[in-house]
Structures are given as C-alpha cells and as structure tokens.
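Quick notes on the structure that follows.
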Amino acid sequence: MLEKTGLTVSLAHLALEELIRAAAVPRSSFYRIWSTKEDFYADLLVELASTSETHDAMFFSGTRDAGYEVIEKHRDMLGTQEGRVAVLREAVRVATRVNFDHFSSSISWRTHVTLVASASSLADEETRSRLVAMLQQTEQRFIERTAEFYGDALESLGFAFYAGASAELLAGLGAAAVEGLAQRRLVS
C-alpha cells in the first residue's frame, strides 16, 4: 500500500468538533466557510506555512539582536581590520548559536519543516499548489529579512561582498547550514 501511495502526513488527530468548540463559533458558521473538513485542512496547511507578525517559523529576531549586541559590545575593536574581523567572527558565532538553539526547539519551525517535506505528497493538486506557493513566499520573505540584516551588519563593520556574492546568497547558504544542523539534532 505504501509503495503505491507513499507515506502521508495526516491531520486526522485534529477532531473537527473540538476545533469548532475551541474557536467558540457556531457549527453553521464553520460550515459556511468550509463545506468539508478537507477544505478546512487545506486552508489550515496554507495558514501554517504563512508568516505574520505573530507567527514566523523561519525568522527569529533574537538572532539579529544577538548579532547586533556583539557588534555594539565590541565597538572599541572596530578601528582596525583585525578587530573588525574578530568582531564579525564573534557576532556570527553568537548569532548562529542563538539561531540554532531557537530553531532546534521551535514547534512552529518543526511544523514548517514537516510542511516542506510533505507538500509534494498531498493528493489534492490545488492544495499542493497553494501550499507550495505559500512556502515559497515564506522562504522569500525569510531570505529578504535575513539578507537585510546581513547587509546592514556587514556594512556597519566596513565589509562588502565580492563580485558575484550577495547578502541574499549568504542568507540562503546560512539558512541551509543552520536548518540542516537543526534537523540533524532532531534525529540525533
């Protein structure tokens, strides 16, 4: 059976009646918006993949704050190239650790990873397309926010990118490394 369908991730453990009760809405209101539980689950998956001011599985502002804190703490070292390199290394070390620790224990990040891993296994093509589009949008927003941080931080230290390199490339590579390590931590 699994050879035919593959392994799927299920939301069957979410009892619809309990969700309606927890939301404190009339049952009729729920079914006016979603005619089937599959429609609700499809919208739920897309919502889980999205970002907002209160939910962002991809970007952790504490990472940015930790990096800037290191730079601010060592302002006295920024007068020389050697000092700027030392501050950059320390800022990267501290911020990476904060980022790694946050995402290793983040439920919303684990949910995001699950959505990425399982998106292609969704049977409904429309839901799959919507989910993939939202995941791509979330990833793009993360890259933009992280690249802005990297660009600003490096500029404040007096560094610039070599031709062909960019803050966006660095953000993507850094994310891949940290996410890979965090995923490995989940299974180790």
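Quick note on naming: the chains in the structure tokens go A, B, ... in the order shown, residues restart at 1 in each chain, and ligands are numbered from 1 in order of appearance.
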Identify, on the basis of only C-alpha atoms, every residue whose closest approach to segment 160-173 of chain A does not exceed 10 Å; exclude the query and any residue fewer than 3 positions from it along the same chain; express the result as JSON, numbers by chain.
-> {"A": [139, 140, 142, 143, 144, 145, 146, 147, 148, 149, 150, 151, 152, 154, 155, 156, 157, 176, 177, 178, 179]}
Please save N, CA and C atoms of the selected residues as a PDB file, in the first residue's frame.
ATOM      1  N   GLU A 139       9.674  31.507   2.361  1.00  0.00           N
ATOM      2  CA  GLU A 139      11.117  31.394   2.170  1.00  0.00           C
ATOM      3  C   GLU A 139      11.693  32.693   1.610  1.00  0.00           C
ATOM      4  N   GLN A 140      11.014  33.280   0.637  1.00  0.00           N
ATOM      5  CA  GLN A 140      11.484  34.535   0.044  1.00  0.00           C
ATOM      6  C   GLN A 140      11.501  35.650   1.079  1.00  0.00           C
ATOM      7  N   PHE A 142      11.809  35.290   4.298  1.00  0.00           N
ATOM      8  CA  PHE A 142      12.910  34.996   5.207  1.00  0.00           C
ATOM      9  C   PHE A 142      14.247  35.437   4.602  1.00  0.00           C
ATOM     10  N   ILE A 143      14.485  35.086   3.352  1.00  0.00           N
ATOM     11  CA  ILE A 143      15.743  35.446   2.690  1.00  0.00           C
ATOM     12  C   ILE A 143      15.895  36.963   2.653  1.00  0.00           C
ATOM     13  N   GLU A 144      14.833  37.675   2.320  1.00  0.00           N
ATOM     14  CA  GLU A 144      14.893  39.143   2.267  1.00  0.00           C
ATOM     15  C   GLU A 144      15.215  39.744   3.630  1.00  0.00           C
ATOM     16  N   ARG A 145      14.528  39.273   4.677  1.00  0.00           N
ATOM     17  CA  ARG A 145      14.758  39.817   6.025  1.00  0.00           C
ATOM     18  C   ARG A 145      16.162  39.487   6.520  1.00  0.00           C
ATOM     19  N   THR A 146      16.595  38.265   6.280  1.00  0.00           N
ATOM     20  CA  THR A 146      17.924  37.862   6.725  1.00  0.00           C
ATOM     21  C   THR A 146      19.002  38.582   5.924  1.00  0.00           C
ATOM     22  N   ALA A 147      18.799  38.721   4.619  1.00  0.00           N
ATOM     23  CA  ALA A 147      19.766  39.431   3.775  1.00  0.00           C
ATOM     24  C   ALA A 147      19.889  40.891   4.193  1.00  0.00           C
ATOM     25  N   GLU A 148      18.784  41.486   4.553  1.00  0.00           N
ATOM     26  CA  GLU A 148      18.824  42.876   5.027  1.00  0.00           C
ATOM     27  C   GLU A 148      19.685  42.977   6.287  1.00  0.00           C
ATOM     28  N   PHE A 149      19.491  42.045   7.210  1.00  0.00           N
ATOM     29  CA  PHE A 149      20.294  42.014   8.430  1.00  0.00           C
ATOM     30  C   PHE A 149      21.772  41.817   8.104  1.00  0.00           C
ATOM     31  N   TYR A 150      22.085  40.823   7.267  1.00  0.00           N
ATOM     32  CA  TYR A 150      23.484  40.557   6.909  1.00  0.00           C
ATOM     33  C   TYR A 150      24.107  41.768   6.226  1.00  0.00           C
ATOM     34  N   GLY A 151      23.393  42.348   5.285  1.00  0.00           N
ATOM     35  CA  GLY A 151      23.923  43.505   4.563  1.00  0.00           C
ATOM     36  C   GLY A 151      24.202  44.678   5.490  1.00  0.00           C
ATOM     37  N   ASP A 152      23.247  44.987   6.361  1.00  0.00           N
ATOM     38  CA  ASP A 152      23.419  46.098   7.305  1.00  0.00           C
ATOM     39  C   ASP A 152      24.554  45.829   8.286  1.00  0.00           C
ATOM     40  N   LEU A 154      27.179  43.768   7.984  1.00  0.00           N
ATOM     41  CA  LEU A 154      28.480  43.779   7.320  1.00  0.00           C
ATOM     42  C   LEU A 154      28.898  45.187   6.945  1.00  0.00           C
ATOM     43  N   GLU A 155      27.959  45.982   6.479  1.00  0.00           N
ATOM     44  CA  GLU A 155      28.268  47.374   6.136  1.00  0.00           C
ATOM     45  C   GLU A 155      28.707  48.152   7.374  1.00  0.00           C
ATOM     46  N   SER A 156      28.022  47.903   8.504  1.00  0.00           N
ATOM     47  CA  SER A 156      28.392  48.619   9.736  1.00  0.00           C
ATOM     48  C   SER A 156      29.801  48.247  10.207  1.00  0.00           C
ATOM     49  N   LEU A 157      30.272  47.074   9.791  1.00  0.00           N
ATOM     50  CA  LEU A 157      31.628  46.643  10.141  1.00  0.00           C
ATOM     51  C   LEU A 157      32.652  47.032   9.064  1.00  0.00           C
ATOM     52  N   ALA A 176      20.529  27.206   5.062  1.00  0.00           N
ATOM     53  CA  ALA A 176      20.667  25.779   4.749  1.00  0.00           C
ATOM     54  C   ALA A 176      21.551  25.076   5.779  1.00  0.00           C
ATOM     55  N   ALA A 177      22.632  25.732   6.174  1.00  0.00           N
ATOM     56  CA  ALA A 177      23.536  25.126   7.154  1.00  0.00           C
ATOM     57  C   ALA A 177      22.858  24.977   8.517  1.00  0.00           C
ATOM     58  N   VAL A 178      22.235  26.049   9.004  1.00  0.00           N
ATOM     59  CA  VAL A 178      21.596  26.001  10.324  1.00  0.00           C
ATOM     60  C   VAL A 178      20.415  25.035  10.312  1.00  0.00           C
ATOM     61  N   GLU A 179      19.597  25.081   9.252  1.00  0.00           N
ATOM     62  CA  GLU A 179      18.454  24.167   9.183  1.00  0.00           C
ATOM     63  C   GLU A 179      18.912  22.717   9.118  1.00  0.00           C
TER      64      GLU A 179
END
Compile the contact shell of Ala91 of chain A as a VMD selection string: residues with an atom at most 8 Å away, counting only C-alpha atoms, same-chain residues fewer than 4 positions apart removed.
-> chain A and resid 66 to 68 70 to 71 87 95
For Met134 of chain A, please output as a PDB file with C-alpha atoms, in the first residue's frame all residues within 10 Å (counting only C-alpha atoms; exclusion window: fewer than 6 positions along the same chain).
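Writing done, so here's selection-v2.pdb:
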ATOM      1  CA  LEU A  45      -1.931  23.870   5.973  1.00  0.00           C
ATOM      2  CA  VAL A  46      -1.583  27.040   3.909  1.00  0.00           C
ATOM      3  CA  GLU A  47      -2.041  29.176   7.027  1.00  0.00           C
ATOM      4  CA  LEU A  48       0.603  27.171   8.899  1.00  0.00           C
ATOM      5  CA  ALA A  49       3.015  27.817   6.029  1.00  0.00           C
ATOM      6  CA  SER A  50       2.413  31.567   6.089  1.00  0.00           C
ATOM      7  CA  THR A  51       4.115  34.231   8.159  1.00  0.00           C
ATOM      8  CA  ARG A 128      -0.470  21.254  -3.013  1.00  0.00           C
ATOM      9  CA  GLN A 140      11.484  34.535   0.044  1.00  0.00           C
TER      10      GLN A 140
END
Option closest in space to Glu38 of chain A, from A:Asp101, A:Arg21, A:Leu122, A:Thr138 [counting only C-alpha atoms] |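 So, comparing all the options, the nearest one is A:Leu122.
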DSSP on the backbone, then: every residue of segment 128-177 of chain A marked helix (DSSP H, G or I), written as a ChimeraX atom specification.
-> /A:128-156,167-177
Take the residues from that selection and put them in a file with C-alpha atoms, as a PDB file, in the first residue's frame.
ATOM      1  CA  ARG A 128      -0.470  21.254  -3.013  1.00  0.00           C
ATOM      2  CA  SER A 129      -0.050  24.254  -5.347  1.00  0.00           C
ATOM      3  CA  ARG A 130      -1.356  26.706  -2.741  1.00  0.00           C
ATOM      4  CA  LEU A 131       0.865  25.218  -0.051  1.00  0.00           C
ATOM      5  CA  VAL A 132       3.983  25.252  -2.218  1.00  0.00           C
ATOM      6  CA  ALA A 133       3.284  28.864  -3.258  1.00  0.00           C
ATOM      7  CA  MET A 134       2.943  29.911   0.406  1.00  0.00           C
ATOM      8  CA  LEU A 135       6.110  28.030   1.381  1.00  0.00           C
ATOM      9  CA  GLN A 136       7.985  29.786  -1.433  1.00  0.00           C
ATOM     10  CA  GLN A 137       6.608  33.152  -0.324  1.00  0.00           C
ATOM     11  CA  THR A 138       7.642  32.451   3.278  1.00  0.00           C
ATOM     12  CA  GLU A 139      11.117  31.394   2.170  1.00  0.00           C
ATOM     13  CA  GLN A 140      11.484  34.535   0.044  1.00  0.00           C
ATOM     14  CA  ARG A 141      10.409  36.747   2.955  1.00  0.00           C
ATOM     15  CA  PHE A 142      12.910  34.996   5.207  1.00  0.00           C
ATOM     16  CA  ILE A 143      15.743  35.446   2.690  1.00  0.00           C
ATOM     17  CA  GLU A 144      14.893  39.143   2.267  1.00  0.00           C
ATOM     18  CA  ARG A 145      14.758  39.817   6.025  1.00  0.00           C
ATOM     19  CA  THR A 146      17.924  37.862   6.725  1.00  0.00           C
ATOM     20  CA  ALA A 147      19.766  39.431   3.775  1.00  0.00           C
ATOM     21  CA  GLU A 148      18.824  42.876   5.027  1.00  0.00           C
ATOM     22  CA  PHE A 149      20.294  42.014   8.430  1.00  0.00           C
ATOM     23  CA  TYR A 150      23.484  40.557   6.909  1.00  0.00           C
ATOM     24  CA  GLY A 151      23.923  43.505   4.563  1.00  0.00           C
ATOM     25  CA  ASP A 152      23.419  46.098   7.305  1.00  0.00           C
ATOM     26  CA  ALA A 153      25.644  44.277   9.798  1.00  0.00           C
ATOM     27  CA  LEU A 154      28.480  43.779   7.320  1.00  0.00           C
ATOM     28  CA  GLU A 155      28.268  47.374   6.136  1.00  0.00           C
ATOM     29  CA  SER A 156      28.392  48.619   9.736  1.00  0.00           C
ATOM     30  CA  ALA A 167      23.558  39.149   1.150  1.00  0.00           C
ATOM     31  CA  GLU A 168      20.768  37.009  -0.374  1.00  0.00           C
ATOM     32  CA  LEU A 169      23.238  34.247  -1.282  1.00  0.00           C
ATOM     33  CA  LEU A 170      24.751  34.372   2.206  1.00  0.00           C
ATOM     34  CA  ALA A 171      21.259  34.245   3.763  1.00  0.00           C
ATOM     35  CA  GLY A 172      20.335  31.164   1.735  1.00  0.00           C
ATOM     36  CA  LEU A 173      23.580  29.363   2.481  1.00  0.00           C
ATOM     37  CA  GLY A 174      23.464  30.240   6.174  1.00  0.00           C
ATOM     38  CA  ALA A 175      19.864  29.068   6.450  1.00  0.00           C
ATOM     39  CA  ALA A 176      20.667  25.779   4.749  1.00  0.00           C
ATOM     40  CA  ALA A 177      23.536  25.126   7.154  1.00  0.00           C
TER      41      ALA A 177
END
Residues at most 10 Å from Val98 of chain A, counting only C-alpha atoms, excluding those fewer than 6 positions away in the same chain, as a count of residues only?
-> 9
Calculate how many Å separate atom CA of Ala119 of chain A from atom CA of Ser106 of chain A, rounding to one decimal.
->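 Taking atom CA of Ala119 of chain A as the start and atom CA of Ser106 of chain A as the end point, the length is 19.8 Å.
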For Trp109 of chain A: contacts at 10 Å, only C-alpha atoms, fewer than 2 positions along chain excluded, given as a count of residues only | 18
